[in-house]
file protein-v6.tsv (TSV, C-alpha atoms)
chain	number	residue	atom	x	y	z
A	27	VAL	CA	90.89	93.14	124.53
A	28	HIS	CA	92.54	90.12	122.97
A	29	PRO	CA	94.22	90.89	119.58
A	30	MET	CA	92.33	88.00	117.96
A	31	VAL	CA	89.01	89.60	118.93
A	32	LEU	CA	90.09	92.86	117.32
A	33	PHE	CA	91.14	90.99	114.18
A	34	VAL	CA	87.79	89.18	113.95
A	35	ASP	CA	85.88	92.41	114.52
A	36	SER	CA	87.86	94.29	111.88
A	37	THR	CA	87.38	91.42	109.41
A	38	VAL	CA	83.62	91.37	109.94
A	39	PHE	CA	83.54	95.16	109.67
A	40	ALA	CA	85.52	94.99	106.41
A	41	GLN	CA	83.09	92.42	105.01
A	42	ILE	CA	80.11	94.60	105.92
A	43	LEU	CA	81.81	97.59	104.28
A	44	GLY	CA	82.46	95.46	101.21
A	45	TYR	CA	78.80	94.59	100.78
A	46	LEU	CA	77.82	98.22	101.40
A	47	VAL	CA	80.21	99.27	98.63
A	48	GLY	CA	78.54	96.68	96.42
A	49	LEU	CA	75.14	98.13	97.25
A	50	GLY	CA	76.35	101.66	96.59
A	51	SER	CA	77.90	100.64	93.29
A	52	THR	CA	74.43	100.05	91.87
A	53	LEU	CA	74.11	103.85	91.85
A	54	LEU	CA	77.58	104.63	90.54
A	55	TYR	CA	76.84	104.81	86.81
A	56	THR	CA	73.07	105.13	87.15
A	57	PRO	CA	73.19	108.98	86.91
A	58	ILE	CA	75.07	108.74	83.62
A	59	ALA	CA	72.64	106.17	82.22
A	60	ILE	CA	69.65	108.30	83.27
A	61	ARG	CA	71.16	111.40	81.67
A	62	LEU	CA	71.74	109.47	78.43
A	63	LEU	CA	68.18	108.17	78.37
A	64	ARG	CA	66.82	111.64	79.12
A	65	GLN	CA	68.98	113.83	76.90
A	66	LYS	CA	69.98	111.23	74.29
A	67	GLN	CA	72.41	112.60	71.66
A	68	LYS	CA	73.11	115.76	73.64
A	69	ALA	CA	74.40	113.82	76.64
A	70	ALA	CA	76.26	111.30	74.46
A	71	GLU	CA	78.25	114.14	72.86
A	72	GLY	CA	79.83	114.82	76.25
A	73	LEU	CA	81.04	111.23	76.73
A	74	VAL	CA	83.87	109.26	75.16
A	75	LEU	CA	83.14	105.72	73.94
A	76	SER	CA	86.71	104.53	74.57
A	77	THR	CA	86.35	105.44	78.25
A	78	TRP	CA	83.62	102.86	78.65
A	79	TRP	CA	85.48	100.19	76.70
A	80	LEU	CA	88.44	100.68	79.04
A	81	LYS	CA	86.22	100.64	82.13
A	82	LEU	CA	84.44	97.48	81.04
A	83	SER	CA	87.77	95.78	80.28
A	84	SER	CA	89.20	96.85	83.63
A	85	TYR	CA	86.27	95.58	85.71
A	86	THR	CA	86.10	92.33	83.78
A	87	ALA	CA	89.83	91.66	84.29
A	88	SER	CA	89.39	92.34	88.01
A	89	ASP	CA	86.43	89.97	88.23
A	90	ILE	CA	88.43	87.19	86.59
A	91	TYR	CA	91.36	87.75	88.95
A	92	TYR	CA	89.16	87.72	92.07
A	93	ILE	CA	87.39	84.52	90.98
A	94	ASN	CA	90.65	82.75	90.18
A	95	GLN	CA	92.15	83.78	93.53
A	96	GLY	CA	89.09	82.50	95.39
A	97	TYR	CA	88.53	85.76	97.26
A	98	ASN	CA	85.35	86.38	99.24
A	99	LEU	CA	82.51	87.86	97.20
A	100	SER	CA	82.33	90.84	99.58
A	101	THR	CA	85.74	91.99	98.30
A	102	TYR	CA	84.68	92.33	94.68
A	103	ILE	CA	80.89	92.36	94.43
A	104	GLU	CA	80.97	95.95	93.18
A	105	ALA	CA	83.37	94.97	90.37
A	106	VAL	CA	80.76	92.52	89.07
A	107	ILE	CA	77.98	95.11	89.31
A	108	LEU	CA	80.11	97.85	87.74
A	109	ALA	CA	81.06	95.61	84.83
A	110	LEU	CA	77.35	95.16	84.09
A	111	GLU	CA	76.65	98.89	84.49
A	112	ALA	CA	79.62	99.87	82.32
A	113	SER	CA	78.38	97.55	79.58
A	114	VAL	CA	74.95	99.23	79.68
A	115	VAL	CA	76.44	102.74	79.47
A	116	LEU	CA	78.80	101.58	76.70
A	117	CYS	CA	75.85	100.38	74.62
A	118	LEU	CA	73.86	103.56	75.30
A	119	VAL	CA	76.75	105.82	74.28
A	120	ALA	CA	77.35	103.78	71.14
A	121	TYR	CA	73.64	103.86	70.28
A	122	TYR	CA	73.16	107.60	70.75
A	123	GLN	CA	76.42	108.38	68.96
A	124	ARG	CA	75.16	106.13	66.13
A	125	LEU	CA	78.18	103.82	66.35
A	126	VAL	CA	76.33	100.50	66.64
A	127	ASN	CA	77.67	99.14	63.39
A	128	ALA	CA	79.36	95.93	62.23
A	129	GLY	CA	82.68	97.03	63.74
A	130	PHE	CA	81.13	97.63	67.16
A	131	LYS	CA	79.35	94.26	67.11
A	132	CYS	CA	82.61	92.54	66.14
A	133	GLN	CA	84.40	94.20	69.07
A	134	VAL	CA	81.70	93.01	71.48
A	135	THR	CA	81.99	89.44	70.17
A	136	ILE	CA	85.78	89.40	70.50
A	137	PHE	CA	85.58	90.89	74.00
A	138	LEU	CA	83.14	88.22	75.19
A	139	ALA	CA	85.20	85.39	73.68
A	140	VAL	CA	88.46	86.59	75.26
A	141	SER	CA	86.79	87.10	78.65
A	142	ILE	CA	85.36	83.58	78.70
A	143	LEU	CA	88.73	82.12	77.62
A	144	LEU	CA	90.59	83.96	80.40
A	145	LEU	CA	88.06	82.88	83.01
A	146	LEU	CA	88.00	79.20	82.11
A	147	ALA	CA	91.38	78.32	80.64
A	148	ALA	CA	94.01	80.99	81.34
A	149	PRO	CA	96.93	80.21	83.73
A	150	ILE	CA	97.08	82.21	86.96
A	151	GLN	CA	100.14	84.13	85.76
A	152	LEU	CA	98.20	85.45	82.79
A	153	VAL	CA	95.23	86.31	85.00
A	154	ALA	CA	97.53	88.22	87.38
A	155	LEU	CA	98.95	90.08	84.40
A	156	GLY	CA	95.39	90.93	83.40
A	157	GLN	CA	94.76	92.42	86.85
A	158	GLY	CA	97.94	94.49	86.54
A	159	ILE	CA	96.76	95.74	83.18
A	160	SER	CA	93.37	96.41	84.80
A	161	ALA	CA	94.99	98.92	87.13
A	162	VAL	CA	96.44	100.73	84.13
A	163	LEU	CA	93.13	100.60	82.25
A	164	ASN	CA	91.17	101.84	85.25
A	165	THR	CA	93.50	104.81	85.53
A	166	GLY	CA	93.65	105.51	81.82
A	167	ALA	CA	89.93	105.05	81.22
A	168	LEU	CA	89.15	108.57	82.39
A	169	ILE	CA	92.02	110.28	80.56
A	170	PRO	CA	89.95	110.73	77.35
A	171	GLN	CA	87.22	112.33	79.47
A	172	PHE	CA	89.77	114.69	81.01
A	173	ILE	CA	90.95	115.70	77.55
A	174	LEU	CA	87.41	116.19	76.19
A	175	ASN	CA	86.38	118.35	79.15
A	176	GLN	CA	89.53	120.44	78.83
A	177	ARG	CA	89.13	120.91	75.08
A	178	ARG	CA	85.48	121.93	75.39
A	179	GLN	CA	86.16	123.98	78.54
A	180	LYS	CA	83.00	122.52	80.08
A	181	ALA	CA	82.23	120.29	83.03
A	182	GLY	CA	81.04	117.71	80.52
A	183	ASP	CA	78.47	114.96	80.95
A	184	TYR	CA	80.47	112.63	83.17
A	185	SER	CA	78.51	112.56	86.41
A	186	PRO	CA	80.12	114.31	89.40
A	187	ILE	CA	78.07	111.97	91.60
A	188	THR	CA	79.72	109.02	89.88
A	189	ALA	CA	83.20	110.48	90.35
A	190	GLY	CA	82.48	111.27	94.02
A	191	LEU	CA	81.07	107.82	94.80
A	192	ALA	CA	84.00	106.18	93.03
A	193	THR	CA	86.44	108.20	95.14
A	194	VAL	CA	84.79	107.12	98.39
A	195	GLY	CA	84.50	103.53	97.17
A	196	CYS	CA	88.21	103.34	96.39
A	197	LEU	CA	89.05	104.56	99.90
A	198	VAL	CA	86.89	101.82	101.39
A	199	ARG	CA	88.40	99.20	99.08
A	200	LEU	CA	91.91	100.09	100.17
A	201	PHE	CA	90.83	99.27	103.73
A	202	THR	CA	89.04	96.02	102.83
A	203	THR	CA	92.00	94.88	100.70
A	204	VAL	CA	94.31	95.21	103.69
A	205	GLN	CA	91.84	93.45	106.01
A	206	LEU	CA	90.49	90.67	103.78
A	207	ASN	CA	92.95	90.13	100.91
A	208	ASN	CA	96.25	90.16	102.80
A	209	ALA	CA	97.13	93.61	101.43
A	210	ASP	CA	97.29	92.26	97.86
A	211	GLY	CA	99.77	94.56	96.10
A	212	LEU	CA	97.99	94.41	92.74
A	213	LEU	CA	94.67	95.39	94.30
A	214	ILE	CA	96.20	98.21	96.34
A	215	ALA	CA	97.78	99.58	93.15
A	216	THR	CA	94.44	99.28	91.35
A	217	PHE	CA	92.37	101.09	93.98
A	218	GLY	CA	95.08	103.65	94.74
A	219	SER	CA	95.39	104.73	91.12
A	220	ALA	CA	91.59	104.73	90.69
A	221	LEU	CA	91.27	106.92	93.79
A	222	LEU	CA	93.72	109.43	92.35
A	223	VAL	CA	92.12	109.67	88.91
A	224	ASN	CA	88.50	109.84	90.12
A	225	ALA	CA	89.31	112.53	92.68
A	226	SER	CA	91.15	114.48	89.98
A	227	LEU	CA	88.22	114.22	87.55
A	228	LEU	CA	85.79	115.37	90.23
A	229	THR	CA	88.04	118.37	90.89
A	230	GLN	CA	88.19	119.20	87.17
A	231	ILE	CA	84.39	118.99	86.81
A	232	CYS	CA	83.88	121.32	89.76
A	233	TYR	CA	86.53	123.76	88.53
A	234	LEU	CA	85.30	123.99	84.94
A	235	GLY	CA	81.67	124.18	86.04
A	236	THR	CA	82.19	126.97	88.57
A	237	GLN	CA	85.15	128.95	87.22
A	238	ILE	CA	84.67	128.63	83.43
A	239	GLU	CA	80.92	128.11	83.00
A	240	GLY	CA	80.03	130.41	85.91
A	241	ARG	CA	77.68	127.94	87.61
A	242	THR	CA	77.36	127.43	91.34
A	243	LEU	CA	78.98	124.39	92.95
A	244	TRP	CA	75.55	123.10	93.93
A	245	ASP	CA	74.37	123.43	90.34
A	246	VAL	CA	77.36	121.43	89.10
A	247	LEU	CA	77.04	118.67	91.68
A	248	THR	CA	73.27	118.24	91.22
A	249	ALA	CA	73.27	118.36	87.42
A	250	ASP	CA	72.10	114.71	87.29
A	251	CYS	CA	69.06	115.34	89.49
A	252	ARG	CA	67.21	117.67	87.18
A	253	ARG	CA	66.60	118.35	83.54
A	254	SER	CA	69.13	120.67	81.93
A	255	THR	CA	67.75	124.19	81.37
A	256	GLU	CA	69.91	124.47	78.30
A	257	THR	CA	68.27	121.36	76.85
A	258	GLU	CA	64.81	122.83	77.42
A	259	PHE	CA	65.78	126.04	75.60
A	260	ASP	CA	67.22	124.01	72.73
A	261	GLU	CA	63.95	122.10	72.40
A	262	VAL	CA	61.97	125.37	72.30
A	263	ASP	CA	64.30	126.84	69.69
A	264	ASP	CA	64.06	123.72	67.54
A	265	SER	CA	60.25	123.78	67.66
A	266	GLU	CA	60.15	127.42	66.62
A	267	THR	CA	62.37	126.92	63.57
A	268	THR	CA	60.46	124.06	61.98
A	269	PRO	CA	58.89	124.74	58.52
A	270	TYR	CA	55.42	123.91	59.88
A	271	HIS	CA	55.43	126.71	62.43
A	272	LYS	CA	56.85	129.26	59.96
A	273	GLU	CA	54.23	128.51	57.33
A	274	GLU	CA	51.47	128.53	59.93
A	275	ASP	CA	52.57	131.94	61.22
A	276	ILE	CA	52.77	133.39	57.70
A	277	ALA	CA	49.29	132.12	56.87
A	278	LEU	CA	47.91	133.49	60.12
A	279	VAL	CA	49.37	136.94	59.44
A	280	GLY	CA	47.88	136.90	55.92
A	281	ILE	CA	44.44	136.05	57.25
A	282	GLN	CA	44.60	138.80	59.83
A	283	GLU	CA	45.70	141.40	57.27
A	284	ASN	CA	42.87	140.50	54.87
A	285	SER	CA	40.15	140.18	57.46
A	286	PRO	CA	37.11	142.56	57.09
A	287	LEU	CA	37.78	144.04	60.52
A	288	THR	CA	41.38	144.93	59.58
A	289	VAL	CA	40.29	146.45	56.22
A	290	ARG	CA	37.55	148.51	57.94
A	291	ARG	CA	40.01	149.89	60.46
A	292	GLN	CA	42.46	150.81	57.68
A	293	ASN	CA	39.72	152.66	55.77
A	294	GLU	CA	38.76	154.58	58.90
call {"tool": "encode", "arguments": {"input": "protein-v6.tsv", "output": "structure tokens"}}
result
Amino acid sequence: VHPMVLFVDSTVFAQILGYLVGLGSTLLYTPIAIRLLRQKQKAAEGLVLSTWWLKLSSYTASDIYYINQGYNLSTYIEAVILALEASVVLCLVAYYQRLVNAGFKCQVTIFLAVSILLLLAAPIQLVALGQGISAVLNTGALIPQFILNQRRQKAGDYSPITAGLATVGCLVRLFTTVQLNNADGLLIATFGSALLVNASLLTQICYLGTQIEGRTLWDVLTADCRRSTETEFDEVDDSETTPYHKEEDIALVGIQENSPLTVRRQNE
């Protein structure tokens, strides 16, 4: 087989993989968003707001770099999608942690202004620097989550499905970067570091869930697919401790004690 045919085939294959990664990325942070919408404050307590600021900044810097370099959309479509998903999760975490205040709104405004400025007017050297910083941000974004999980000695509320999909996605992106982006050193560093940190977080979640919390591996990995039993027990406990139920029970006991049937039985 002629080498050129192999090159063309590998390029087409890399492009197909790139679009598949983009399709899969629509599910990357969906489990976290669903858990937040379902469990609200309880799920938000297990997440760190700064993680999502760093993720959003990282994906946005990557998007700007790709666009300025004129790379094919198949090589960064997931970065665009993930930037949108990270912004949604960021807002949900801020909302359920009750942090949507003037300071948060000011940060969002500044972030949007800087992003637009970098996209439209920044020199390529500054954009390349932004991509280099993106690699650092993407690696450091999960460090606060590591620390929170370790301090609480729990698997936390960062989705193991998300960490697993991110690990596989980074492996694919290392391949497509070599095939489609001329083995861009900045991109290889970005995906290599992201691969390391996501695989490490997935390992930590599995370890804390199975060895510390005493859950099965299947239970840990499928935590996003069902409602937490602990949450259901908490809701039952909360309903039983409300003043309404206590007063109703006291009144019911009083009625039963003073009923004619109860008095007759006591006299007998």
call {"tool": "atom_distance", "arguments": {"input": "protein-v6.tsv", "atom1": "CA of Leu82 in chain A", "atom2": "CA of Gln133 in chain A"}}
result
12.4 Å
call {"tool": "closest_atom_pairs", "arguments": {"input": "protein-v6.tsv", "of": "range 112-193 of chain A", "to": "range 49-64 of chain A", "cutoff": "9 Å", "atoms": "all atoms listed in the file", "output": "CSV"}}
result
residue,atom,partner,partner_atom,distance
A:Ala112,CA,A:Tyr55,CA,7.2
A:Val114,CA,A:Ala59,CA,7.7
A:Val115,CA,A:Ala59,CA,5.8
A:Leu118,CA,A:Leu62,CA,7.0
A:Val119,CA,A:Leu62,CA,7.5
A:Tyr122,CA,A:Leu62,CA,8.0
A:Asp183,CA,A:Ile58,CA,7.6
A:Tyr184,CA,A:Ile58,CA,6.7
A:Ser185,CA,A:Ile58,CA,5.8
A:Ile187,CA,A:Pro57,CA,7.4
A:Thr188,CA,A:Leu54,CA,4.9
A:Ala189,CA,A:Leu54,CA,8.1
A:Gly190,CA,A:Leu54,CA,9.0
A:Leu191,CA,A:Leu54,CA,6.4
A:Ala192,CA,A:Leu54,CA,7.1
call {"tool": "closest_residue", "arguments": {"input": "protein-v6.tsv", "among": "A:Ile173, A:Leu212, A:Ala167, A:Val198", "to": "Leu75 in chain A", "atoms": "all atoms listed in the file"}}
result
A:Ala167
call {"tool": "residues_around", "arguments": {"input": "protein-v6.tsv", "residues": "Thr193 in chain A", "least_positions_apart": "5", "cutoff": "9 Å", "atoms": "all atoms listed in the file", "output": "short mmCIF file (atom, residue, chain, number, x, y, z; two decimals) with C-alpha atoms, keeping the file's coordinate frame"}}
result
data_model
loop_
_atom_site.label_atom_id
_atom_site.label_comp_id
_atom_site.auth_asym_id
_atom_site.auth_seq_id
_atom_site.Cartn_x
_atom_site.Cartn_y
_atom_site.Cartn_z
CA THR A 188 79.72 109.02 89.88
CA VAL A 198 86.89 101.82 101.39
CA ALA A 220 91.59 104.73 90.69
CA LEU A 221 91.27 106.92 93.79
CA LEU A 222 93.72 109.43 92.35
CA VAL A 223 92.12 109.67 88.91
CA ASN A 224 88.50 109.84 90.12
CA ALA A 225 89.31 112.53 92.68
CA LEU A 228 85.79 115.37 90.23
#
call {"tool": "residues_around", "arguments": {"input": "protein-v6.tsv", "residues": "Tyr97 in chain A", "least_positions_apart": "3", "cutoff": "12 Å", "atoms": "all atoms listed in the file", "output": "JSON, numbers by chain"}}
result
{"A": [41, 88, 89, 90, 91, 92, 93, 94, 100, 101, 102, 103, 202, 203, 206, 207, 208, 210, 213]}
call {"tool": "closest_residue", "arguments": {"input": "protein-v6.tsv", "among": "A:Leu145, A:Leu197, A:Ile42, A:Leu80", "to": "Thr165 in chain A", "atoms": "only C-alpha atoms"}}
result
A:Leu80
call {"tool": "atom_distance", "arguments": {"input": "protein-v6.tsv", "atom1": "CA of Gly44 in chain A", "atom2": "CA of Glu104 in chain A"}}
result
8.2 Å
call {"tool": "residues_around", "arguments": {"input": "protein-v6.tsv", "residues": "range 148-162 of chain A", "least_positions_apart": "4", "cutoff": "7 Å", "atoms": "only C-alpha atoms", "output": "short mmCIF file (atom, residue, chain, number, x, y, z; two decimals) with C-alpha atoms, keeping the file's coordinate frame"}}
result
data_model
loop_
_atom_site.label_atom_id
_atom_site.label_comp_id
_atom_site.auth_asym_id
_atom_site.auth_seq_id
_atom_site.Cartn_x
_atom_site.Cartn_y
_atom_site.Cartn_z
CA SER A 84 89.20 96.85 83.63
CA ALA A 87 89.83 91.66 84.29
CA SER A 88 89.39 92.34 88.01
CA TYR A 91 91.36 87.75 88.95
CA LEU A 143 88.73 82.12 77.62
CA LEU A 144 90.59 83.96 80.40
CA GLY A 166 93.65 105.51 81.82
CA LEU A 212 97.99 94.41 92.74
CA ALA A 215 97.78 99.58 93.15
CA THR A 216 94.44 99.28 91.35
#
call {"tool": "atom_distance", "arguments": {"input": "protein-v6.tsv", "atom1": "CA of Ser141 in chain A", "atom2": "CA of Thr86 in chain A"}}
result
7.4 Å
call {"tool": "closest_residue", "arguments": {"input": "protein-v6.tsv", "among": "A:Thr229, A:Gln237, A:Gln123, A:Gln176", "to": "Gln67 in chain A", "atoms": "all atoms listed in the file"}}
result
A:Gln123
call {"tool": "closest_residue", "arguments": {"input": "protein-v6.tsv", "among": "A:Gly218, A:Ser76, A:Asn98, A:Lys180", "to": "Gln205 in chain A", "atoms": "only C-alpha atoms"}}
result
A:Asn98
call {"tool": "axis_aligned_box", "arguments": {"input": "protein-v6.tsv", "around": "range 56-63 of chain A", "padding_each_side": "4 Å", "output": "AutoDock Vina command-line options"}}
result
--center_x 71.6 --center_y 108.3 --center_z 82.8 --size_x 14.9 --size_y 14.3 --size_z 16.8
call {"tool": "closest_residue", "arguments": {"input": "protein-v6.tsv", "among": "A:Asn127, A:Gln230, A:Ser219, A:Thr135", "to": "Gln179 in chain A", "atoms": "all atoms listed in the file"}}
result
A:Gln230
call {"tool": "closest_residue", "arguments": {"input": "protein-v6.tsv", "among": "A:Ala128, A:Ala120, A:Ala109, A:Leu99", "to": "Lys66 in chain A", "atoms": "all atoms listed in the file"}}
result
A:Ala120
call {"tool": "decode", "arguments": {"input": "protein-v6.tsv", "residues": "range 87-112 of chain A", "atoms": "N, CA and C atoms", "output": "PDB file, in the first residue's frame"}}
result
ATOM      1  N   ALA A  87      -9.670  29.402  26.437  1.00  0.00           N
ATOM      2  CA  ALA A  87      -8.339  29.708  25.902  1.00  0.00           C
ATOM      3  C   ALA A  87      -7.983  28.760  24.764  1.00  0.00           C
ATOM      4  N   SER A  88      -8.343  27.490  24.903  1.00  0.00           N
ATOM      5  CA  SER A  88      -8.086  26.517  23.832  1.00  0.00           C
ATOM      6  C   SER A  88      -8.881  26.854  22.582  1.00  0.00           C
ATOM      7  N   ASP A  89     -10.138  27.215  22.754  1.00  0.00           N
ATOM      8  CA  ASP A  89     -10.978  27.576  21.603  1.00  0.00           C
ATOM      9  C   ASP A  89     -10.366  28.748  20.840  1.00  0.00           C
ATOM     10  N   ILE A  90      -9.921  29.746  21.555  1.00  0.00           N
ATOM     11  CA  ILE A  90      -9.334  30.931  20.921  1.00  0.00           C
ATOM     12  C   ILE A  90      -8.065  30.550  20.160  1.00  0.00           C
ATOM     13  N   TYR A  91      -7.257  29.686  20.733  1.00  0.00           N
ATOM     14  CA  TYR A  91      -6.019  29.249  20.087  1.00  0.00           C
ATOM     15  C   TYR A  91      -6.323  28.470  18.806  1.00  0.00           C
ATOM     16  N   TYR A  92      -7.247  27.533  18.876  1.00  0.00           N
ATOM     17  CA  TYR A  92      -7.618  26.735  17.699  1.00  0.00           C
ATOM     18  C   TYR A  92      -8.126  27.630  16.566  1.00  0.00           C
ATOM     19  N   ILE A  93      -9.001  28.568  16.913  1.00  0.00           N
ATOM     20  CA  ILE A  93      -9.580  29.456  15.894  1.00  0.00           C
ATOM     21  C   ILE A  93      -8.498  30.312  15.250  1.00  0.00           C
ATOM     22  N   ASN A  94      -7.599  30.852  16.055  1.00  0.00           N
ATOM     23  CA  ASN A  94      -6.528  31.692  15.522  1.00  0.00           C
ATOM     24  C   ASN A  94      -5.550  30.901  14.655  1.00  0.00           C
ATOM     25  N   GLN A  95      -5.348  29.627  14.975  1.00  0.00           N
ATOM     26  CA  GLN A  95      -4.443  28.790  14.197  1.00  0.00           C
ATOM     27  C   GLN A  95      -5.105  28.250  12.935  1.00  0.00           C
ATOM     28  N   GLY A  96      -6.411  28.384  12.827  1.00  0.00           N
ATOM     29  CA  GLY A  96      -7.119  27.912  11.650  1.00  0.00           C
ATOM     30  C   GLY A  96      -7.234  26.408  11.556  1.00  0.00           C
ATOM     31  N   TYR A  97      -7.213  25.726  12.702  1.00  0.00           N
ATOM     32  CA  TYR A  97      -7.308  24.270  12.700  1.00  0.00           C
ATOM     33  C   TYR A  97      -8.716  23.816  12.333  1.00  0.00           C
ATOM     34  N   ASN A  98      -8.796  22.580  11.823  1.00  0.00           N
ATOM     35  CA  ASN A  98     -10.073  21.996  11.446  1.00  0.00           C
ATOM     36  C   ASN A  98     -10.973  21.861  12.666  1.00  0.00           C
ATOM     37  N   LEU A  99     -12.269  22.095  12.454  1.00  0.00           N
ATOM     38  CA  LEU A  99     -13.224  22.053  13.565  1.00  0.00           C
ATOM     39  C   LEU A  99     -13.225  20.702  14.268  1.00  0.00           C
ATOM     40  N   SER A 100     -12.935  19.628  13.520  1.00  0.00           N
ATOM     41  CA  SER A 100     -12.953  18.289  14.113  1.00  0.00           C
ATOM     42  C   SER A 100     -11.897  18.131  15.208  1.00  0.00           C
ATOM     43  N   THR A 101     -10.883  19.004  15.220  1.00  0.00           N
ATOM     44  CA  THR A 101      -9.818  18.886  16.217  1.00  0.00           C
ATOM     45  C   THR A 101     -10.134  19.609  17.516  1.00  0.00           C
ATOM     46  N   TYR A 102     -11.214  20.388  17.533  1.00  0.00           N
ATOM     47  CA  TYR A 102     -11.513  21.104  18.779  1.00  0.00           C
ATOM     48  C   TYR A 102     -12.998  21.300  19.042  1.00  0.00           C
ATOM     49  N   ILE A 103     -13.853  20.555  18.327  1.00  0.00           N
ATOM     50  CA  ILE A 103     -15.289  20.740  18.515  1.00  0.00           C
ATOM     51  C   ILE A 103     -15.710  20.477  19.957  1.00  0.00           C
ATOM     52  N   GLU A 104     -15.035  19.489  20.605  1.00  0.00           N
ATOM     53  CA  GLU A 104     -15.414  19.192  21.993  1.00  0.00           C
ATOM     54  C   GLU A 104     -15.023  20.315  22.940  1.00  0.00           C
ATOM     55  N   ALA A 105     -13.970  21.081  22.595  1.00  0.00           N
ATOM     56  CA  ALA A 105     -13.567  22.200  23.453  1.00  0.00           C
ATOM     57  C   ALA A 105     -14.641  23.280  23.465  1.00  0.00           C
ATOM     58  N   VAL A 106     -15.282  23.479  22.310  1.00  0.00           N
ATOM     59  CA  VAL A 106     -16.384  24.454  22.235  1.00  0.00           C
ATOM     60  C   VAL A 106     -17.559  23.968  23.071  1.00  0.00           C
ATOM     61  N   ILE A 107     -17.919  22.697  22.895  1.00  0.00           N
ATOM     62  CA  ILE A 107     -19.053  22.131  23.633  1.00  0.00           C
ATOM     63  C   ILE A 107     -18.782  22.129  25.135  1.00  0.00           C
ATOM     64  N   LEU A 108     -17.554  21.751  25.516  1.00  0.00           N
ATOM     65  CA  LEU A 108     -17.222  21.672  26.940  1.00  0.00           C
ATOM     66  C   LEU A 108     -17.182  23.049  27.593  1.00  0.00           C
ATOM     67  N   ALA A 109     -16.795  24.062  26.831  1.00  0.00           N
ATOM     68  CA  ALA A 109     -16.831  25.418  27.377  1.00  0.00           C
ATOM     69  C   ALA A 109     -18.261  25.822  27.722  1.00  0.00           C
ATOM     70  N   LEU A 110     -19.203  25.454  26.849  1.00  0.00           N
ATOM     71  CA  LEU A 110     -20.617  25.747  27.109  1.00  0.00           C
ATOM     72  C   LEU A 110     -21.126  24.953  28.308  1.00  0.00           C
ATOM     73  N   GLU A 111     -20.761  23.657  28.363  1.00  0.00           N
ATOM     74  CA  GLU A 111     -21.215  22.816  29.475  1.00  0.00           C
ATOM     75  C   GLU A 111     -20.615  23.274  30.799  1.00  0.00           C
ATOM     76  N   ALA A 112     -19.327  23.640  30.780  1.00  0.00           N
ATOM     77  CA  ALA A 112     -18.675  24.106  32.000  1.00  0.00           C
ATOM     78  C   ALA A 112     -19.321  25.391  32.510  1.00  0.00           C
TER      79      ALA A 112
END
